[in-house]
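What follows is the content of data-v9.cif, which has mmCIF, C-alpha atoms and all ligand atoms:
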data_protein
#
loop_
_atom_site.label_atom_id
_atom_site.label_comp_id
_atom_site.auth_asym_id
_atom_site.auth_seq_id
_atom_site.Cartn_x
_atom_site.Cartn_y
_atom_site.Cartn_z
CA MET U 1053 0.00 0.00 0.00
CA ARG U 1054 1.15 3.53 -0.73
CA LYS U 1055 2.27 5.42 2.39
CA VAL U 1056 2.24 9.20 2.56
CA TYR U 1057 3.54 11.12 5.54
CA LEU U 1058 1.83 14.50 5.97
CA ASP U 1059 2.62 15.03 9.64
CA TYR U 1060 5.91 16.94 9.44
CA SER U 1061 4.75 19.34 12.16
CA ALA U 1062 4.60 16.41 14.59
CA THR U 1063 8.12 15.33 13.69
CA THR U 1064 10.42 14.99 10.69
CA PRO U 1065 12.63 12.10 9.58
CA LEU U 1066 16.33 12.45 10.36
CA ASP U 1067 18.26 13.73 7.33
CA GLU U 1068 20.84 11.13 6.17
CA CYS U 1069 23.65 13.72 6.35
CA VAL U 1070 22.69 14.50 9.94
CA PHE U 1071 22.78 10.80 10.79
CA GLU U 1072 26.28 10.50 9.26
CA ALA U 1073 27.51 13.47 11.31
CA MET U 1074 26.14 11.93 14.51
CA LYS U 1075 27.35 8.35 14.03
CA PRO U 1076 30.94 8.59 15.33
CA TYR U 1077 29.68 10.11 18.59
CA PHE U 1078 27.68 6.98 19.37
CA THR U 1079 30.61 4.64 18.88
CA GLU U 1080 34.32 5.51 18.73
CA LYS U 1081 33.91 9.10 20.04
CA PHE U 1082 31.70 8.15 22.97
CA GLY U 1083 33.42 10.11 25.75
CA ASN U 1084 31.53 12.08 28.39
CA ALA U 1085 31.97 15.73 27.42
CA ASN U 1086 32.61 16.57 31.07
CA SER U 1087 35.48 14.13 31.58
CA LEU U 1088 38.95 15.61 31.73
CA HIS U 1089 40.70 12.93 29.63
CA CYS U 1090 41.15 12.85 25.86
CA PHE U 1091 37.91 10.87 25.30
CA GLY U 1092 36.00 13.55 27.16
CA ARG U 1093 37.79 16.36 25.35
CA GLU U 1094 36.75 14.87 22.02
CA GLY U 1095 33.10 15.12 23.10
CA ALA U 1096 33.57 18.58 24.62
CA ASN U 1097 35.20 19.85 21.43
CA ALA U 1098 32.29 18.54 19.36
CA VAL U 1099 29.79 20.25 21.67
CA ASP U 1100 31.76 23.52 21.53
CA ALA U 1101 31.92 23.38 17.74
CA ALA U 1102 28.18 22.65 17.51
CA ARG U 1103 27.36 25.52 19.86
CA ARG U 1104 29.52 27.91 17.81
CA LYS U 1105 27.93 26.72 14.57
CA ILE U 1106 24.38 27.18 15.90
CA ALA U 1107 25.25 30.62 17.31
CA GLU U 1108 26.77 31.71 14.01
CA LEU U 1109 23.72 30.49 12.06
CA LEU U 1110 21.38 32.35 14.40
CA LYS U 1111 23.69 35.40 14.64
CA VAL U 1112 23.92 35.24 18.44
CA LYS U 1113 26.76 34.49 20.88
CA PRO U 1114 27.71 30.87 21.64
CA THR U 1115 27.31 31.64 25.36
CA GLU U 1116 23.65 32.49 24.70
CA ILE U 1117 22.80 28.92 23.56
CA TYR U 1118 21.86 26.35 26.23
CA PHE U 1119 21.21 22.75 25.17
CA THR U 1120 18.13 21.05 26.62
CA SER U 1121 16.18 17.84 26.01
CA GLY U 1122 13.83 19.59 23.55
CA GLY U 1123 11.10 22.16 23.12
CA THR U 1124 9.10 21.05 26.13
CA GLU U 1125 12.00 21.48 28.53
CA SER U 1126 13.05 24.81 27.02
CA ASP U 1127 9.50 26.17 27.35
CA ASN U 1128 9.23 24.94 30.94
CA TRP U 1129 12.60 26.46 31.81
CA ALA U 1130 11.88 29.81 30.17
CA LEU U 1131 8.54 30.28 31.87
CA LYS U 1132 9.22 28.88 35.33
CA GLY U 1133 12.86 30.00 35.45
CA ILE U 1134 12.02 33.63 34.61
CA ALA U 1135 8.87 33.72 36.75
CA SER U 1136 10.81 32.72 39.87
CA ALA U 1137 14.01 34.67 39.17
CA TYR U 1138 12.19 37.91 38.34
CA SER U 1139 9.28 37.70 40.80
CA GLN U 1140 10.46 40.89 42.54
CA LYS U 1141 9.48 42.73 39.30
CA GLY U 1142 5.97 41.37 39.72
CA LYS U 1143 3.92 38.24 39.58
CA ARG U 1144 2.05 38.84 36.35
CA ILE U 1145 2.91 36.49 33.49
CA ILE U 1146 1.28 36.84 30.08
CA VAL U 1147 1.04 33.98 27.57
CA SER U 1148 -1.11 33.54 24.49
CA SER U 1149 -4.12 31.26 24.71
CA ILE U 1150 -2.91 29.20 21.72
CA GLU U 1151 0.48 28.15 23.12
CA HIS U 1152 1.70 24.56 23.04
CA ALA U 1153 0.81 22.42 26.07
CA ALA U 1154 4.43 22.78 27.28
CA MET U 1155 3.70 26.46 27.94
CA LEU U 1156 0.08 26.20 29.00
CA ALA U 1157 0.69 23.44 31.55
CA SER U 1158 3.63 25.42 32.98
CA ALA U 1159 1.47 28.54 33.14
CA GLU U 1160 -1.20 26.59 35.02
CA GLN U 1161 1.37 25.41 37.55
CA LEU U 1162 2.49 29.00 38.07
CA GLU U 1163 -1.13 30.06 38.57
CA LYS U 1164 -1.49 27.41 41.28
CA SER U 1165 1.55 28.75 43.07
CA GLY U 1166 0.17 32.27 43.23
CA TYR U 1167 1.16 33.93 39.94
CA ASP U 1168 -1.31 36.09 38.10
CA VAL U 1169 -1.36 34.47 34.65
CA VAL U 1170 -3.13 36.24 31.80
CA TYR U 1171 -4.02 34.34 28.61
CA LEU U 1172 -4.08 36.61 25.58
CA PRO U 1173 -6.92 36.11 23.10
CA VAL U 1174 -6.40 35.74 19.34
CA ASN U 1175 -8.47 37.01 16.44
CA ASP U 1176 -10.39 34.66 14.15
CA MET U 1177 -7.22 33.96 12.14
CA GLY U 1178 -5.32 32.97 15.30
CA VAL U 1179 -3.25 36.15 15.51
CA VAL U 1180 -2.33 37.83 18.81
CA LEU U 1181 -2.90 41.47 17.88
CA PRO U 1182 -0.50 43.91 19.59
CA GLU U 1183 -3.50 45.79 21.03
CA TYR U 1184 -4.46 42.68 23.04
CA LEU U 1185 -1.09 42.77 24.74
CA GLU U 1186 -1.27 46.56 25.26
CA LYS U 1187 -4.52 45.98 27.17
CA ALA U 1188 -3.24 43.12 29.32
CA ILE U 1189 0.25 44.30 30.24
CA THR U 1190 0.96 46.10 33.51
CA ASP U 1191 4.20 47.35 35.01
CA ASP U 1192 4.32 44.34 37.33
CA THR U 1193 4.49 41.93 34.36
CA SER U 1194 7.77 40.04 34.44
CA LEU U 1195 7.38 37.90 31.31
CA VAL U 1196 5.38 37.79 28.09
CA SER U 1197 5.50 34.63 25.97
CA VAL U 1198 3.94 34.29 22.54
CA MET U 1199 4.86 31.54 20.09
CA ALA U 1200 6.43 32.53 16.76
CA ALA U 1201 4.24 30.10 14.80
CA ASN U 1202 1.36 27.97 15.92
CA ASN U 1203 1.70 24.18 15.67
CA GLU U 1204 -1.93 23.50 14.72
CA ILE U 1205 -2.95 26.26 12.32
CA GLY U 1206 0.50 27.60 11.43
CA THR U 1207 -0.33 31.25 12.12
CA LEU U 1208 2.74 33.50 12.34
CA GLN U 1209 2.72 36.08 15.12
CA PRO U 1210 3.94 39.71 15.07
CA ILE U 1211 6.82 38.89 17.45
CA LYS U 1212 8.83 42.09 16.94
CA GLU U 1213 5.86 44.33 17.80
CA LEU U 1214 4.80 42.21 20.76
CA CYS U 1215 8.35 42.14 22.10
CA GLU U 1216 8.61 45.89 21.78
CA ILE U 1217 5.45 46.36 23.89
CA ALA U 1218 6.76 43.96 26.56
CA HIS U 1219 10.06 45.83 26.77
CA ARG U 1220 8.33 49.20 27.04
CA HIS U 1221 6.78 47.87 30.26
CA GLY U 1222 10.05 46.42 31.53
CA ALA U 1223 8.95 42.82 30.93
CA LEU U 1224 11.07 40.10 29.34
CA PHE U 1225 9.88 38.36 26.18
CA HIS U 1226 10.10 34.66 25.29
CA THR U 1227 9.00 33.03 22.07
CA ASP U 1228 8.49 29.35 21.31
CA ALA U 1229 9.98 29.05 17.81
CA VAL U 1230 9.77 25.25 17.65
CA GLN U 1231 7.56 25.27 14.54
CA ALA U 1232 9.12 28.35 12.95
CA MET U 1233 12.80 27.33 13.10
CA GLY U 1234 14.00 25.95 9.77
CA SER U 1235 10.73 26.80 8.11
CA VAL U 1236 10.51 30.62 8.11
CA PRO U 1237 13.22 33.18 8.98
CA VAL U 1238 13.78 33.44 12.73
CA ASP U 1239 15.46 36.75 13.51
CA ILE U 1240 16.49 36.59 17.16
CA ARG U 1241 18.38 39.90 17.17
CA GLY U 1242 15.95 41.74 14.88
CA TRP U 1243 12.96 40.65 16.96
CA ASN U 1244 14.98 41.50 20.07
CA VAL U 1245 13.53 38.59 22.08
CA ASP U 1246 15.14 37.70 25.43
CA LEU U 1247 14.55 33.95 25.28
CA LEU U 1248 13.71 31.61 22.40
CA THR U 1249 12.93 27.90 22.27
CA PHE U 1250 13.75 25.52 19.42
CA SER U 1251 13.86 21.76 18.92
CA ALA U 1252 15.88 19.68 16.42
CA HIS U 1253 13.32 17.05 15.47
CA LYS U 1254 11.15 19.62 13.70
CA PHE U 1255 13.92 20.40 11.19
CA TYR U 1256 15.19 16.90 10.25
CA GLY U 1257 17.39 16.59 13.32
CA PRO U 1258 17.27 14.04 16.13
CA LYS U 1259 14.53 13.80 18.75
CA GLY U 1260 15.20 14.64 22.39
CA ILE U 1261 17.45 17.64 21.81
CA GLY U 1262 16.62 21.33 21.74
CA ALA U 1263 17.93 24.60 23.00
CA LEU U 1264 16.96 27.71 24.85
CA TYR U 1265 18.49 30.95 23.62
CA ILE U 1266 18.99 33.24 26.61
CA LYS U 1267 20.15 36.79 25.88
CA SER U 1268 23.36 37.76 27.71
CA GLY U 1269 22.64 39.28 31.09
CA ILE U 1270 19.34 37.47 31.62
CA LYS U 1271 19.40 34.86 34.36
CA PRO U 1272 16.45 32.49 34.74
CA ASP U 1273 16.57 30.19 37.76
CA LYS U 1274 17.96 26.74 37.00
CA PHE U 1275 15.39 24.20 35.95
CA VAL U 1276 17.25 20.88 35.70
CA THR U 1277 19.68 20.76 38.61
CA GLY U 1278 22.32 18.21 39.53
CA GLY U 1279 25.39 18.89 37.43
CA HIS U 1280 27.65 21.64 36.16
CA GLN U 1281 26.89 21.20 32.49
CA GLU U 1282 25.81 24.14 30.30
CA ARG U 1283 27.89 26.57 32.35
CA SER U 1284 26.20 25.28 35.50
CA MET U 1285 22.75 26.28 34.22
CA ARG U 1286 21.43 22.84 33.22
CA GLY U 1287 22.55 19.59 34.79
CA GLY U 1288 22.76 16.23 33.03
CA THR U 1289 25.32 14.42 30.86
CA THR U 1290 25.43 16.21 27.52
CA ASN U 1291 23.86 14.27 24.65
CA VAL U 1292 26.86 14.72 22.35
CA PRO U 1293 25.56 12.91 19.22
CA ALA U 1294 22.26 14.80 19.44
CA VAL U 1295 23.98 18.16 19.90
CA VAL U 1296 26.18 17.45 16.87
CA GLY U 1297 23.07 16.37 14.93
CA MET U 1298 21.12 19.48 15.85
CA ALA U 1299 23.91 21.77 14.61
CA GLU U 1300 24.18 19.86 11.32
CA ALA U 1301 20.40 19.82 10.87
CA LEU U 1302 20.13 23.55 11.55
CA LYS U 1303 22.86 24.30 9.02
CA LEU U 1304 21.11 22.22 6.35
CA ALA U 1305 17.72 23.73 7.18
CA LEU U 1306 18.91 27.34 7.10
CA ASP U 1307 21.17 26.93 4.05
CA ASN U 1308 18.19 25.53 2.10
CA LEU U 1309 15.40 27.44 3.80
CA GLU U 1310 14.18 29.38 0.77
CA ASP U 1311 14.24 26.43 -1.63
CA ASN U 1312 12.59 24.00 0.76
CA SER U 1313 9.98 26.47 1.95
CA SER U 1314 8.94 27.54 -1.53
CA LYS U 1315 8.68 23.92 -2.71
CA VAL U 1316 6.63 22.96 0.35
CA LYS U 1317 4.44 26.06 0.03
CA GLU U 1318 3.70 25.31 -3.62
CA LEU U 1319 2.52 21.79 -2.76
CA ARG U 1320 0.54 23.04 0.23
CA ASP U 1321 -1.17 25.74 -1.87
CA TYR U 1322 -2.02 23.21 -4.58
CA PHE U 1323 -3.49 20.89 -1.93
CA VAL U 1324 -5.54 23.68 -0.32
CA LYS U 1325 -6.89 24.90 -3.67
CA SER U 1326 -7.84 21.36 -4.73
CA ILE U 1327 -9.60 20.56 -1.46
CA GLU U 1328 -11.51 23.84 -1.49
CA GLN U 1329 -12.59 23.21 -5.10
CA ARG U 1330 -13.58 19.60 -4.65
CA VAL U 1331 -14.94 19.29 -1.11
CA PRO U 1332 -18.01 21.34 -0.16
CA TYR U 1333 -18.47 22.69 3.37
CA VAL U 1334 -14.86 23.02 4.42
CA VAL U 1335 -13.30 25.82 6.43
CA TYR U 1336 -9.61 26.57 5.94
CA ASN U 1337 -8.53 27.31 9.52
CA GLY U 1338 -5.95 30.00 10.27
CA ASP U 1339 -4.53 32.93 8.36
CA ARG U 1340 -4.23 32.42 4.59
CA LEU U 1341 -1.14 34.62 4.24
CA HIS U 1342 0.71 34.82 7.54
CA ARG U 1343 1.20 31.13 8.04
CA LEU U 1344 3.87 28.42 8.00
CA PRO U 1345 4.46 27.19 4.44
CA GLN U 1346 4.04 23.55 5.51
CA ASN U 1347 0.71 23.88 7.28
CA ALA U 1348 -2.85 23.26 6.06
CA ASN U 1349 -5.67 22.84 8.56
CA PHE U 1350 -9.25 22.16 7.49
CA ALA U 1351 -12.52 21.81 9.33
CA PHE U 1352 -14.64 19.31 7.41
CA GLU U 1353 -18.20 20.02 8.44
CA PHE U 1354 -20.60 17.26 9.55
CA ILE U 1355 -17.87 14.69 10.28
CA GLU U 1356 -15.52 13.85 13.14
CA GLY U 1357 -11.82 14.57 12.62
CA GLU U 1358 -10.90 11.26 14.27
CA SER U 1359 -13.06 9.22 11.85
CA LEU U 1360 -11.42 10.97 8.91
CA LEU U 1361 -7.99 10.45 10.44
CA LEU U 1362 -8.63 6.69 10.77
CA ARG U 1363 -9.99 6.43 7.23
CA LEU U 1364 -6.91 8.18 5.89
CA ASP U 1365 -4.66 6.01 8.03
CA MET U 1366 -6.26 2.95 6.42
CA ALA U 1367 -5.27 4.46 3.07
CA GLY U 1368 -1.66 4.83 4.30
CA ILE U 1369 -1.89 8.58 4.93
CA ALA U 1370 -0.49 10.10 8.12
CA CYS U 1371 -1.91 13.42 9.26
CA SER U 1372 -3.14 14.78 12.57
CA SER U 1373 -6.36 15.80 14.25
CA GLY U 1374 -4.66 18.26 16.59
CA SER U 1375 -1.15 18.65 17.88
CA ALA U 1376 0.63 15.29 18.29
CA CYS U 1377 0.81 15.89 22.01
CA SER U 1378 -2.93 16.29 22.44
CA SER U 1379 -3.99 13.57 20.03
CA GLY U 1380 -5.10 10.74 22.22
CA SER U 1381 -7.42 13.21 23.86
CA LEU U 1382 -10.78 13.72 22.20
CA ASP U 1383 -11.12 17.28 23.46
CA PRO U 1384 -11.57 19.81 20.68
CA SER U 1385 -8.46 21.84 19.99
CA HIS U 1386 -7.97 24.82 22.34
CA VAL U 1387 -6.39 26.66 19.41
CA LEU U 1388 -9.40 26.32 17.13
CA LEU U 1389 -11.79 27.20 19.94
CA ALA U 1390 -9.70 30.31 20.69
CA THR U 1391 -10.18 31.44 17.07
CA GLY U 1392 -13.94 31.27 17.65
CA LEU U 1393 -14.52 28.12 15.59
CA PRO U 1394 -17.69 26.41 16.89
CA ILE U 1395 -17.06 23.20 18.83
CA GLU U 1396 -18.56 20.91 16.16
CA LYS U 1397 -16.30 22.35 13.45
CA ALA U 1398 -13.29 22.15 15.75
CA HIS U 1399 -14.10 18.44 16.16
CA GLY U 1400 -14.00 17.94 12.40
CA SER U 1401 -10.59 19.57 11.91
CA ILE U 1402 -7.50 17.93 10.48
CA ARG U 1403 -3.92 19.20 10.13
CA PHE U 1404 -1.90 18.20 7.07
CA SER U 1405 1.75 19.22 7.29
CA PHE U 1406 4.11 18.94 4.34
CA GLY U 1407 7.86 18.52 4.22
CA LYS U 1408 10.92 18.39 2.02
CA TYR U 1409 10.31 14.77 1.01
CA THR U 1410 6.66 15.33 -0.03
CA THR U 1411 6.03 14.88 -3.78
CA LYS U 1412 3.29 16.08 -6.14
CA GLU U 1413 2.24 12.42 -6.58
CA ASP U 1414 1.84 12.09 -2.81
CA VAL U 1415 -0.36 15.17 -2.73
CA ASP U 1416 -2.49 13.98 -5.66
CA TYR U 1417 -3.03 10.67 -3.90
CA VAL U 1418 -4.01 12.40 -0.65
CA ILE U 1419 -6.46 14.73 -2.45
CA GLU U 1420 -8.26 11.74 -4.03
CA GLN U 1421 -8.41 9.90 -0.73
CA VAL U 1422 -9.66 12.92 1.24
CA VAL U 1423 -12.42 13.64 -1.30
CA LYS U 1424 -13.55 10.01 -1.16
CA ALA U 1425 -13.30 9.64 2.62
CA VAL U 1426 -15.23 12.86 3.31
CA GLU U 1427 -17.96 11.83 0.86
CA ASP U 1428 -18.27 8.38 2.47
CA LEU U 1429 -18.28 9.69 6.03
CA ARG U 1430 -20.91 12.30 5.20
CA LYS U 1431 -23.15 9.57 3.80
CA LEU U 1432 -23.08 8.04 7.29
CA SER U 1433 -23.47 11.36 9.09
CA PRO U 1434 -26.88 12.07 10.67
CA LEU U 1435 -25.87 15.73 10.90
CA PHE U 1436 -25.28 15.89 7.16
CA SER U 1437 -28.61 14.15 6.39
CA GLU U 1438 -30.38 16.55 8.72
CA PHE U 1439 -28.66 19.48 7.03
CA LYS U 1440 -29.81 18.24 3.63
CA GLY U 1441 -33.35 17.75 4.96
CA GLU U 1442 -33.29 13.97 4.44
CA LYS U 1443 -35.33 11.62 6.59
CA GLN U 1444 -33.46 9.46 9.06
CA TYR U 1445 -34.46 5.78 9.38
CA VAL U 1446 -33.13 4.08 12.44
N1 LIG Y 1 6.33 23.88 21.15
C1 LIG Y 1 5.71 23.67 19.98
C2 LIG Y 1 5.10 24.83 19.27
C3 LIG Y 1 5.64 22.39 19.43
O1 LIG Y 1 5.02 22.18 18.26
C4 LIG Y 1 6.24 21.32 20.13
C5 LIG Y 1 6.14 19.92 19.62
O2 LIG Y 1 5.19 19.56 18.94
C6 LIG Y 1 6.89 21.60 21.34
C7 LIG Y 1 6.92 22.88 21.82
C8 LIG Y 1 7.55 20.51 22.13
O3 LIG Y 1 8.79 20.20 21.56
P1 LIG Y 1 9.52 18.79 21.89
O4 LIG Y 1 8.76 17.76 21.12
O5 LIG Y 1 10.91 18.98 21.37
O6 LIG Y 1 9.47 18.61 23.36
#

Rewrite the structure from the file as C-alpha cells, please.
Amino acid sequence: MRKVYLDYSATTPLDECVFEAMKPYFTEKFGNANSLHCFGREGANAVDAARRKIAELLKVKPTEIYFTSGGTESDNWALKGIASAYSQKGKRIIVSSIEHAAMLASAEQLEKSGYDVVYLPVNDMGVVLPEYLEKAITDDTSLVSVMAANNEIGTLQPIKELCEIAHRHGALFHTDAVQAMGSVPVDIRGWNVDLLTFSAHKFYGPKGIGALYIKSGIKPDKFVTGGHQERSMRGGTTNVPAVVGMAEALKLALDNLEDNSSKVKELRDYFVKSIEQRVPYVVYNGDRLHRLPQNANFAFEFIEGESLLLRLDMAGIACSSGSACSSGSLDPSHVLLATGLPIEKAHGSIRFSFGKYTTKEDVDYVIEQVVKAVEDLRKLSPLFSEFKGEKQYV
C-alpha cells in the first residue's frame, strides 16, 4: 500500500547527512563531554563546535545557547525560570491562549503557586494582535510569551511588535519558535527577544534535543539541577551525538530554507486549492497569508476529525487531528476554539503538514483519498442528512 507522511509538524525524519555526522559520537567518540581525559575532550570539542555553529547560524553568541532535552524542557525552563528569578518585578505572566501544552501546563502550575497568569486572546485567524497585549500588560508583568508560529494552524505572530510592547513595560519576552525554526526566517536579534525555544526534530534533526536561547545578562533560575553542564545552568550528561546532529540539521535547514519552503508552500497551496474546489463545506482554519508554508488545517463540516484520520490512516496517509501531544485526547483543539470556531467544526478539523520529502504524486493521492473519505463519512453522518433535509431511518 502507498504510504504518505503529511505530519511533518509532529516530527520529521532524520536527514541522512545528519545521521552520518552523529554516528561517530555513538561509537568511537563516545566520551563524556565533562570528563577531563582525551575521550571527554573529544566530546567537549564537538559540543563547543556545535554551539559555535548554531550561534553563528542564528547570529547570536555561543554563550547564549543552552542545550536542553527539547522544546518542552526549554518552554518549561523559560517560563518557570524567569517567573521565579524575576518575581520581585511582579507576579504577572502573560502567555497567548494558543500556546503549546508545554507552555500552558507550565502557566497553570504557576497560577497554582500564586502567579497572576493572563491568557491573551487571538483574532479569528489565530493572531495575537498587539493591542491585546497593550490591554493586558501592567508594570508588574515580568514575562510575556507568545509563540512565533502555531503548531496546529500555522499562524505566524507579530513577534517584533509584541516584544517591543513587553520591553516598554520592563517585561522580558520569550517566544516558542519550535515550529518556525527551519521553516521561516527566525530573527532573534531583529525581533529582540530575550529567550527563544527551538527543537531539532522539527527540522530533520534528532529527537530529544533542543535549545533555549537566553540573551546575555538574563538569568532564569535553574530548571534541571544536579550537574555543572551548560555553564552550571542545566545539569545532566550532555547528549553529544544529538547536539552534533542538531547543529548539522540547523545548518542544512537554514542553508536551504528558501528552496525548501517555496517547494513545500507550492505543494501546500495546490493541496488547499484542490480541497476547497472539490470538497463542499470546508473551512480553511488560520490565516491564509501569515502562516507556515508547511501547514494546512481544514474543518470538514458534519464529520468527526478522528473518523477521517482513521480512514486516511487505512489508506496509508499520516496526518493529525490536533497537535501530536494532544492527540489521544478527544477534546476539541484549544487553538481552534480560541479562534472562535464552533465546537462541532473544531471536532472535524485535520492538520496536514508537508515537508521536504513530499512529492506532487503524494499530494495527488491524498487529495483523491480525502475527497472520497469525506464523501463516504458524510453519507453516514446524521448531521449531514439533517442538514440536507433527508429523513433518518433508524
Ligand atoms: N512547542 C511547539 C510549538 C511544538 O510544536 C512542540 C512539539 O510539537 C513543542 C513545543 C515541544 O517540543 P519537543 O517535542 O521537542 O518537546

Polymer residues at most 8 Å from stretch 1067-1084 of chain U, all atoms listed in the file, same-chain spacing of 6 or more positions, as a PyMOL selection string: chain U and resi 1091-1096+1256-1257+1289-1290+1292-1294+1296-1298+1300-1301

Residues near U:Thr1277, cut-off 8 Å, all atoms listed in the file, skip fewer than 6 positions along chain, as a PyMOL selection string: chain U and resi 1285-1288

Those same residues, written as an mmCIF file, in the coordinates of the input with C-alpha atoms?
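Result file part30.cif:
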data_model
loop_
_atom_site.group_PDB
_atom_site.id
_atom_site.type_symbol
_atom_site.label_atom_id
_atom_site.label_comp_id
_atom_site.auth_asym_id
_atom_site.auth_seq_id
_atom_site.Cartn_x
_atom_site.Cartn_y
_atom_site.Cartn_z
ATOM 1 C CA MET U 1285 22.750 26.280 34.220
ATOM 2 C CA ARG U 1286 21.430 22.840 33.220
ATOM 3 C CA GLY U 1287 22.550 19.590 34.790
ATOM 4 C CA GLY U 1288 22.760 16.230 33.030
#

Contacts of ligand LIG 1 (chain Y), 10 Å or closer, all atoms listed in the file, given as JSON, numbers by chain: {"U": [1060, 1061, 1062, 1063, 1120, 1121, 1122, 1123, 1124, 1125, 1126, 1127, 1128, 1150, 1151, 1152, 1153, 1154, 1155, 1199, 1200, 1201, 1202, 1203, 1204, 1206, 1227, 1228, 1229, 1230, 1231, 1232, 1249, 1250, 1251, 1252, 1253, 1254, 1258, 1259, 1260, 1261, 1262, 1263, 1375, 1376, 1377, 1378]}

Set the distance at 10 Å and use all atoms listed in the file: which residues neighbour U:Lys1412 once local chain neighbours fewer than 2 positions away are removed? I'd like the list as a compact mmCIF listing (two decimals) with C-alpha atoms, keeping the file's coordinate frame.
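And here's selection-v9.txt as it stands now:
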# COMPACT_ATOMS: atom_id res chain seq x y z
CA GLU U 1318 3.70 25.31 -3.62
CA LEU U 1319 2.52 21.79 -2.76
CA ARG U 1320 0.54 23.04 0.23
CA TYR U 1322 -2.02 23.21 -4.58
CA PHE U 1323 -3.49 20.89 -1.93
CA THR U 1410 6.66 15.33 -0.03
CA ASP U 1414 1.84 12.09 -2.81
CA VAL U 1415 -0.36 15.17 -2.73
CA ASP U 1416 -2.49 13.98 -5.66
CA TYR U 1417 -3.03 10.67 -3.90
CA VAL U 1418 -4.01 12.40 -0.65

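With all atoms listed in the file as the atoms that count, the residue of U:Pro1210, U:Ile1146, U:Ala1299, U:Val1170 with the shortest distance to U:Ala1101 is U:Ala1299.
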
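In terms of minimum interatomic distance to U:Ala1102, U:Tyr1118 ranks closest within U:Tyr1118, U:Gly1222, U:Ala1135, U:Ser1149, counting only C-alpha atoms.
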
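The interatomic distance for the pair atom CA of U:Ser1136 and atom CA of U:Ile1106 works out to 28.1 Å.
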
Find the nearest atom pair between each residue of stretch 1171-1270 of chain U and stretch 1384-1387 of chain U for residues within 12 Å, count only C-alpha atoms, give distances in Å to one decimal, sort rows by chain and ascending number, and present the table as CSV.
residue,atom,partner,partner_atom,distance
U:Leu1172,CA,U:Val1387,CA,11.9
U:Pro1173,CA,U:Val1387,CA,10.2
U:Val1174,CA,U:Val1387,CA,9.1
U:Asn1175,CA,U:Val1387,CA,11.0
U:Asp1176,CA,U:Val1387,CA,10.4
U:Met1177,CA,U:Val1387,CA,10.3
U:Gly1178,CA,U:Val1387,CA,7.6
U:Val1179,CA,U:Val1387,CA,10.7
U:Val1180,CA,U:Val1387,CA,11.9
U:Asn1202,CA,U:Val1387,CA,8.6
U:Asn1203,CA,U:Val1387,CA,9.3
U:Glu1204,CA,U:Val1387,CA,7.2
U:Ile1205,CA,U:Val1387,CA,7.9
U:Gly1206,CA,U:Val1387,CA,10.6
U:Thr1207,CA,U:Val1387,CA,10.5

Serialized selection, C-alpha atoms, as an mmCIF file, in the frame of the given file:
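Writing done, so here's part05.cif:
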data_model
loop_
_atom_site.group_PDB
_atom_site.id
_atom_site.type_symbol
_atom_site.label_atom_id
_atom_site.label_comp_id
_atom_site.auth_asym_id
_atom_site.auth_seq_id
_atom_site.Cartn_x
_atom_site.Cartn_y
_atom_site.Cartn_z
ATOM 1 C CA LEU U 1172 -4.080 36.610 25.580
ATOM 2 C CA PRO U 1173 -6.920 36.110 23.100
ATOM 3 C CA VAL U 1174 -6.400 35.740 19.340
ATOM 4 C CA ASN U 1175 -8.470 37.010 16.440
ATOM 5 C CA ASP U 1176 -10.390 34.660 14.150
ATOM 6 C CA MET U 1177 -7.220 33.960 12.140
ATOM 7 C CA GLY U 1178 -5.320 32.970 15.300
ATOM 8 C CA VAL U 1179 -3.250 36.150 15.510
ATOM 9 C CA VAL U 1180 -2.330 37.830 18.810
ATOM 10 C CA ASN U 1202 1.360 27.970 15.920
ATOM 11 C CA ASN U 1203 1.700 24.180 15.670
ATOM 12 C CA GLU U 1204 -1.930 23.500 14.720
ATOM 13 C CA ILE U 1205 -2.950 26.260 12.320
ATOM 14 C CA GLY U 1206 0.500 27.600 11.430
ATOM 15 C CA THR U 1207 -0.330 31.250 12.120
#

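Residue nearest U:Ala1390 within the list U:Tyr1171, U:Ser1268, U:Ile1217, U:Ser1284: U:Tyr1171 [criterion: smallest interatomic distance, all atoms listed in the file].
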
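Atom CA of U:Phe1352 lies 20.3 Å from atom CA of U:Val1056.
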
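Taking atom CA of U:Pro1345 as the reference point, atom CA of U:Leu1429 is found at 28.7 Å.
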
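In terms of minimum interatomic distance to U:Phe1406, U:Ser1313 ranks closest within U:Ser1437, U:Asn1337, U:Ser1313, U:Gln1421, counting all atoms listed in the file.
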
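With all atoms listed in the file as the atoms that count, the minimum distance from U:Phe1225 to the choices U:Val1196, U:Leu1248, U:Leu1066, U:Ile1240 is reached by U:Val1196.
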
Excluding stretch 1111-1117 of chain U and residues on its chain fewer than 4 positions from it, collect all residues at most 7 Å away from it, counting all atoms listed in the file, and give them as a PDB file with C-alpha atoms, keeping the file's coordinate frame.
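Wrote around.pdb, looks like this:
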ATOM      1  CA  ARG U1103      27.360  25.520  19.860  1.00  0.00           C
ATOM      2  CA  ARG U1104      29.520  27.910  17.810  1.00  0.00           C
ATOM      3  CA  ALA U1107      25.250  30.620  17.310  1.00  0.00           C
ATOM      4  CA  ALA U1263      17.930  24.600  23.000  1.00  0.00           C
ATOM      5  CA  LEU U1264      16.960  27.710  24.850  1.00  0.00           C
ATOM      6  CA  TYR U1265      18.490  30.950  23.620  1.00  0.00           C
ATOM      7  CA  ILE U1266      18.990  33.240  26.610  1.00  0.00           C
ATOM      8  CA  LYS U1267      20.150  36.790  25.880  1.00  0.00           C
ATOM      9  CA  SER U1268      23.360  37.760  27.710  1.00  0.00           C
TER      10      SER U1268
END

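Minimum atom-to-atom distance to U:Leu1156, evaluated using only C-alpha atoms, belongs to U:Ser1197 out of U:Ser1197, U:Asn1244, U:Thr1411, U:Thr1190.
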